[in-house]
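Visitor: One structure, as structure tokens, below. Some questions next.
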Amino acid sequence: QPRLTADTFGALDEDFLQLIMFTSGSTGVPKAIPVRASVMLDNMLRMRHMRVFSEPCRYYNVLPMPYIGGVQLLFCYLASGGTYILGDVFGPRSCYLFWDQVLQHEADSLWITPSMAASLVAIGLEDEAMTPKLAAQLKRITVAMGPLSAELKAQLDAMTGVVSQKSFGITETLLCCHWDDAMDTPPEAVGRVVPGVQIVVVDTAEKPVAAGEEGELRIGGAWLMDGYWNQPELHAGTFDANGFFITGDLARL
């Protein structure tokens with residue numbers, strides 16, 4: 001069998017449909033989101049300039065692959081020359097072995113959800129001597145995909161010896177915000193806006209609010225979805241007059 005080459009499948013148009021991701025958000029209604037190859041490629045290339053992806057890492061993944069986080073992180077870590085270690089699905093059995101697996105695979109980067117963090121903190125470490133081992137091995141622990149309380153963050157940081165970071169993104173927009181390694185990000189924040197993303201926080205009159213004031217988060221930029229796949233009835237109220245995605249989330253800038 002001949003090896004695959006760059007022209008095996010012919011030229012791919014930049015609008016080639018690479019993925020269809022399903023999400024329900026807070027509505028409970030399954031929504032199909034098409035992701036074009038050009039969007040994912042541009043995302044990968046820009047992410048390489050962020051500190052989180054700027055050097056080869058050994059990333060241990062326990063996020064589900066049908067989830068945009070699993071897929072996007074796969075591309076981002078491989079594009080930066082990293083190693084992507086696909087672990088067991090996080091559950092009642094695997095969470096007891098989680099830190100053993102991290103050490104065994106010599107992983108230095110993790111992304112987990114707040115519920116995963118809560119489970120790991122509740123179980124604790126089998127041996128307190130693991131904390132210095134984890135602190136010496138891990139470069140970065142990112143907690144995303146939901147709100148992380150200050151108490152849980154402090155417990156996770158104490159257990160691992162690593163200052164955990166936060167990020168924010170949704171399937172319709174991909175990753176939007178992330179902490180940087182300078183650690184000057186306010187603890188309650190989800191990070192700085194990543195390259196390629198535009199953000200505005202507006203009041204009920206659709207006007208941008210002053211810095212520090214609460215409003216609704218709107219997201220623009222190069223990676224926005226075009227619309228839901230074959231679900232035109234869901235388009236209403238999805239984008240504002242400026243083409244920004246209406247998240248429905250409250251935020252302060």
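Letters for chains follow the order of the structure tokens (A, B, ...), residue numbers begin at 1 for each chain, and ligand numbers begin at 1 in the order shown.
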Can you list every residue in stretch 54-225 of chain A that DSSP puts in helix (DSSP H, G or I), as an NGL selection string?
Guide: :A and (68-79 or 94-96 or 98-104 or 114-123 or 130-137 or 150-160)
Visitor: What residues in stretch 28-236 of chain A get the DSSP label strand (DSSP E or B)? Please answer as a VMD selection string.
Guide: chain A and resid 31 to 36 58 to 61 83 to 86 109 to 112 140 to 143 165 to 170 174 to 178 192 to 193 197 to 202 208 215 to 221
Visitor: Could you turn the residues from that selection into a file that holds C-alpha atoms, as a CSV table (one decimal), in the first residue's frame?
Guide:
chain,number,residue,atom,x,y,z
A,31,LYS,CA,-27.8,22.3,18.0
A,32,ALA,CA,-25.5,21.2,15.2
A,33,ILE,CA,-22.5,23.5,14.6
A,34,PRO,CA,-20.5,23.2,11.3
A,35,VAL,CA,-16.8,23.9,11.7
A,36,ARG,CA,-14.9,24.7,8.4
A,58,ARG,CA,2.8,16.2,27.1
A,59,TYR,CA,-0.9,16.7,27.4
A,60,TYR,CA,-3.0,14.1,29.2
A,61,ASN,CA,-6.6,14.3,27.9
A,83,THR,CA,2.3,14.9,22.6
A,84,TYR,CA,-1.4,14.1,23.0
A,85,ILE,CA,-2.1,11.3,25.5
A,86,LEU,CA,-5.6,10.0,25.2
A,109,SER,CA,-0.3,19.7,30.9
A,110,LEU,CA,-3.9,19.1,32.0
A,111,TRP,CA,-7.4,20.5,31.1
A,112,ILE,CA,-10.2,19.5,33.4
A,140,ARG,CA,0.0,23.8,33.7
A,141,ILE,CA,-3.4,22.8,34.9
A,142,THR,CA,-6.3,24.6,33.2
A,143,VAL,CA,-9.8,24.4,34.6
A,165,GLN,CA,-5.4,28.6,35.4
A,166,LYS,CA,-8.8,29.2,33.8
A,167,SER,CA,-10.2,29.7,30.4
A,168,PHE,CA,-13.5,30.4,28.6
A,169,GLY,CA,-15.0,29.3,25.3
A,170,ILE,CA,-18.0,27.8,23.7
A,174,LEU,CA,-14.1,28.1,20.1
A,175,LEU,CA,-11.6,29.2,22.8
A,176,CYS,CA,-12.1,32.9,23.7
A,177,CYS,CA,-10.1,33.7,26.9
A,178,HIS,CA,-7.2,32.1,28.8
A,192,ARG,CA,-7.3,37.5,28.6
A,193,VAL,CA,-8.9,37.6,25.2
A,197,VAL,CA,-11.1,37.0,19.1
A,198,GLN,CA,-13.1,40.2,19.7
A,199,ILE,CA,-15.2,40.8,22.8
A,200,VAL,CA,-17.7,43.4,23.9
A,201,VAL,CA,-19.8,43.6,27.0
A,202,VAL,CA,-23.1,45.5,26.5
A,208,PRO,CA,-20.9,48.8,25.6
A,215,GLY,CA,-23.2,43.3,31.1
A,216,GLU,CA,-23.9,40.6,28.5
A,217,LEU,CA,-20.9,39.1,26.7
A,218,ARG,CA,-20.8,39.3,22.9
A,219,ILE,CA,-18.1,37.5,20.9
A,220,GLY,CA,-16.8,38.3,17.4
A,221,GLY,CA,-13.8,37.4,15.4
Visitor: Please provide as a list of chain:residue names all residues within 12 Å of A:Leu41, with the sequence filter that same-chain residues fewer than 5 positions apart are discarded (counting only C-alpha atoms).
Guide: A:Glu14, A:Asp15, A:Phe16, A:Leu17, A:Gln18, A:Val35, A:Arg36, A:Arg46, A:Met47, A:Arg48, A:Gln72, A:Phe75, A:Cys76, A:Leu78, A:Ala79, A:Ala222, A:Trp223
Visitor: With only C-alpha atoms as the counted atoms, please give the residues lying no more than 8 Å from A:Leu253, apart from itself and same-chain residues fewer than 4 positions off, as a ChimeraX atom specification.
Guide: /A:201,211-214
Visitor: Grab the residues selected above and save them as an mmCIF file, in the first residue's frame with C-alpha atoms.
Guide:
data_model
loop_
_atom_site.group_PDB
_atom_site.id
_atom_site.type_symbol
_atom_site.label_atom_id
_atom_site.label_comp_id
_atom_site.auth_asym_id
_atom_site.auth_seq_id
_atom_site.Cartn_x
_atom_site.Cartn_y
_atom_site.Cartn_z
ATOM 1 C CA VAL A 201 -19.821 43.635 27.049
ATOM 2 C CA ALA A 211 -14.738 48.664 32.329
ATOM 3 C CA GLY A 212 -15.632 46.737 35.466
ATOM 4 C CA GLU A 213 -19.399 47.022 34.953
ATOM 5 C CA GLU A 214 -21.478 43.897 34.429
#
Visitor: Between A:Met44, A:Met159, A:Leu97, A:Ala205, which has the minimum distance to A:Thr131 (counting only C-alpha atoms)?
Guide: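 The shortest atom-to-atom distance to A:Thr131 comes from A:Met159.
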Visitor: Taking only C-alpha atoms into account, which of A:Gly81, A:Thr171, A:Gly69, A:Phe239 comes nearest A:Ser54?
Guide: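 Of all the options, A:Gly81 lies closest to A:Ser54.
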Visitor: For the atom pair atom CA of A:His105 and atom CA of A:Gln137, what is the interatomic distance in Å to one decimal place?
Guide: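 Spanning atom CA of A:His105 to atom CA of A:Gln137 is a straight-line distance of 10.6 Å.
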Visitor: List the spatial neighbours of A:Ala182 as a PyMOL selection string - criterion: any atom at most 12 Å away, only C-alpha atoms, same-chain residues fewer than 2 positions off excluded.
Guide: chain A and resi 51-52+163+165+178-180+184-186+191-192
Visitor: Create the file for the chosen residues now, containing all heavy atoms and written as an mmCIF file, in the first residue's frame.
Guide:
data_model
loop_
_atom_site.group_PDB
_atom_site.id
_atom_site.type_symbol
_atom_site.label_atom_id
_atom_site.label_comp_id
_atom_site.auth_asym_id
_atom_site.auth_seq_id
_atom_site.Cartn_x
_atom_site.Cartn_y
_atom_site.Cartn_z
ATOM 1 N N ARG A 51 1.087 31.318 25.133
ATOM 2 C CA ARG A 51 2.033 30.615 26.003
ATOM 3 C C ARG A 51 1.599 29.184 26.293
ATOM 4 O O ARG A 51 2.429 28.288 26.421
ATOM 5 C CB ARG A 51 2.212 31.382 27.311
ATOM 6 C CG ARG A 51 2.955 32.694 27.130
ATOM 7 C CD ARG A 51 3.109 33.425 28.439
ATOM 8 N NE ARG A 51 3.829 34.678 28.269
ATOM 9 C CZ ARG A 51 4.047 35.551 29.233
ATOM 10 N NH1 ARG A 51 3.596 35.309 30.447
ATOM 11 N NH2 ARG A 51 4.707 36.666 28.997
ATOM 12 N N VAL A 52 0.299 28.974 26.389
ATOM 13 C CA VAL A 52 -0.191 27.642 26.729
ATOM 14 C C VAL A 52 0.145 26.625 25.645
ATOM 15 O O VAL A 52 0.288 25.423 25.917
ATOM 16 C CB VAL A 52 -1.715 27.685 26.990
ATOM 17 C CG1 VAL A 52 -2.487 28.102 25.755
ATOM 18 C CG2 VAL A 52 -2.219 26.338 27.498
ATOM 19 N N VAL A 163 -0.317 26.361 40.507
ATOM 20 C CA VAL A 163 -1.333 27.407 40.423
ATOM 21 C C VAL A 163 -2.181 27.147 39.187
ATOM 22 O O VAL A 163 -1.728 27.344 38.054
ATOM 23 C CB VAL A 163 -0.697 28.809 40.344
ATOM 24 C CG1 VAL A 163 -1.784 29.876 40.217
ATOM 25 C CG2 VAL A 163 0.151 29.075 41.576
ATOM 26 N N GLN A 165 -4.957 27.448 36.218
ATOM 27 C CA GLN A 165 -5.388 28.552 35.369
ATOM 28 C C GLN A 165 -6.822 28.313 34.897
ATOM 29 O O GLN A 165 -7.370 27.221 35.061
ATOM 30 C CB GLN A 165 -4.456 28.671 34.163
ATOM 31 C CG GLN A 165 -3.000 28.842 34.557
ATOM 32 C CD GLN A 165 -2.088 29.026 33.361
ATOM 33 O OE1 GLN A 165 -2.522 29.204 32.233
ATOM 34 N NE2 GLN A 165 -0.789 28.996 33.606
ATOM 35 N N HIS A 178 -8.092 33.052 28.009
ATOM 36 C CA HIS A 178 -7.234 32.140 28.758
ATOM 37 C C HIS A 178 -6.288 32.945 29.641
ATOM 38 O O HIS A 178 -5.858 34.027 29.272
ATOM 39 C CB HIS A 178 -6.427 31.243 27.809
ATOM 40 C CG HIS A 178 -5.814 30.049 28.484
ATOM 41 N ND1 HIS A 178 -4.703 30.123 29.290
ATOM 42 C CD2 HIS A 178 -6.183 28.744 28.493
ATOM 43 C CE1 HIS A 178 -4.407 28.914 29.756
ATOM 44 N NE2 HIS A 178 -5.280 28.061 29.297
ATOM 45 N N TRP A 179 -5.956 32.372 30.803
ATOM 46 C CA TRP A 179 -4.946 32.980 31.669
ATOM 47 C C TRP A 179 -3.608 32.958 30.948
ATOM 48 O O TRP A 179 -3.362 32.112 30.093
ATOM 49 C CB TRP A 179 -4.811 32.180 32.960
ATOM 50 C CG TRP A 179 -5.798 32.547 34.017
ATOM 51 C CD1 TRP A 179 -7.104 32.884 33.833
ATOM 52 C CD2 TRP A 179 -5.573 32.563 35.421
ATOM 53 N NE1 TRP A 179 -7.708 33.121 35.031
ATOM 54 C CE2 TRP A 179 -6.790 32.927 36.026
ATOM 55 C CE3 TRP A 179 -4.471 32.304 36.214
ATOM 56 C CZ2 TRP A 179 -6.929 33.044 37.397
ATOM 57 C CZ3 TRP A 179 -4.597 32.413 37.583
ATOM 58 C CH2 TRP A 179 -5.820 32.788 38.173
ATOM 59 N N ASP A 180 -2.724 33.884 31.333
ATOM 60 C CA ASP A 180 -1.352 33.795 30.840
ATOM 61 C C ASP A 180 -0.439 33.392 32.000
ATOM 62 O O ASP A 180 -0.826 33.413 33.161
ATOM 63 C CB ASP A 180 -0.877 35.099 30.193
ATOM 64 C CG ASP A 180 -0.907 36.274 31.149
ATOM 65 O OD1 ASP A 180 -0.836 36.049 32.374
ATOM 66 O OD2 ASP A 180 -0.999 37.409 30.681
ATOM 67 N N ASP A 184 -0.613 37.455 36.471
ATOM 68 C CA ASP A 184 -1.137 38.742 36.924
ATOM 69 C C ASP A 184 -2.628 38.843 36.604
ATOM 70 O O ASP A 184 -3.225 39.903 36.680
ATOM 71 C CB ASP A 184 -0.372 39.901 36.272
ATOM 72 C CG ASP A 184 -0.448 39.878 34.747
ATOM 73 O OD1 ASP A 184 -0.905 38.863 34.203
ATOM 74 O OD2 ASP A 184 -0.056 40.878 34.123
ATOM 75 N N THR A 185 -3.228 37.725 36.244
ATOM 76 C CA THR A 185 -4.656 37.703 35.964
ATOM 77 C C THR A 185 -5.427 37.664 37.281
ATOM 78 O O THR A 185 -5.089 36.870 38.161
ATOM 79 C CB THR A 185 -5.021 36.454 35.128
ATOM 80 O OG1 THR A 185 -4.172 36.389 33.991
ATOM 81 C CG2 THR A 185 -6.467 36.516 34.671
ATOM 82 N N PRO A 186 -6.440 38.492 37.454
ATOM 83 C CA PRO A 186 -7.233 38.448 38.688
ATOM 84 C C PRO A 186 -7.777 37.034 38.917
ATOM 85 O O PRO A 186 -8.257 36.393 37.971
ATOM 86 C CB PRO A 186 -8.365 39.445 38.427
ATOM 87 C CG PRO A 186 -7.804 40.392 37.409
ATOM 88 C CD PRO A 186 -6.905 39.562 36.540
ATOM 89 N N GLY A 191 -9.506 34.939 32.236
ATOM 90 C CA GLY A 191 -8.323 35.137 31.421
ATOM 91 C C GLY A 191 -8.416 36.326 30.490
ATOM 92 O O GLY A 191 -9.366 37.116 30.536
ATOM 93 N N ARG A 192 -7.393 36.426 29.646
ATOM 94 C CA ARG A 192 -7.317 37.494 28.649
ATOM 95 C C ARG A 192 -7.870 37.005 27.322
ATOM 96 O O ARG A 192 -7.850 35.812 27.027
ATOM 97 C CB ARG A 192 -5.860 37.937 28.476
ATOM 98 C CG ARG A 192 -5.212 38.452 29.742
ATOM 99 C CD ARG A 192 -3.775 38.882 29.482
ATOM 100 N NE ARG A 192 -3.102 39.302 30.717
ATOM 101 C CZ ARG A 192 -3.216 40.522 31.236
ATOM 102 N NH1 ARG A 192 -3.961 41.433 30.639
ATOM 103 N NH2 ARG A 192 -2.586 40.836 32.353
#
Visitor: Taking only C-alpha atoms into account, which of A:Arg93, A:Lys207, A:His235, A:Arg252 comes nearest A:Ile123?
Guide: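 Smallest separation from A:Ile123 among the options: A:Arg93.
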Visitor: Of the residues A:Ala144, A:Gln101, A:Ile68, A:Gly161, which is the one nearest to A:Thr173, using only C-alpha atoms?
Guide: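 Using only C-alpha atoms, A:Thr173 sits closest to A:Ile68.
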Visitor: Would you mind reading off the distance between atom CA of A:Ala122 and atom CA of A:Glu188, one decimal, in Å?
Guide: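 Between these atoms lies a distance of 21.9 Å.
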Visitor: Quick one: distance from atom CA of A:Gly146 to atom CA of A:Met21 in Å, one decimal?
Guide: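 Atom-to-atom, atom CA of A:Gly146 to atom CA of A:Met21, that is 18.6 Å.
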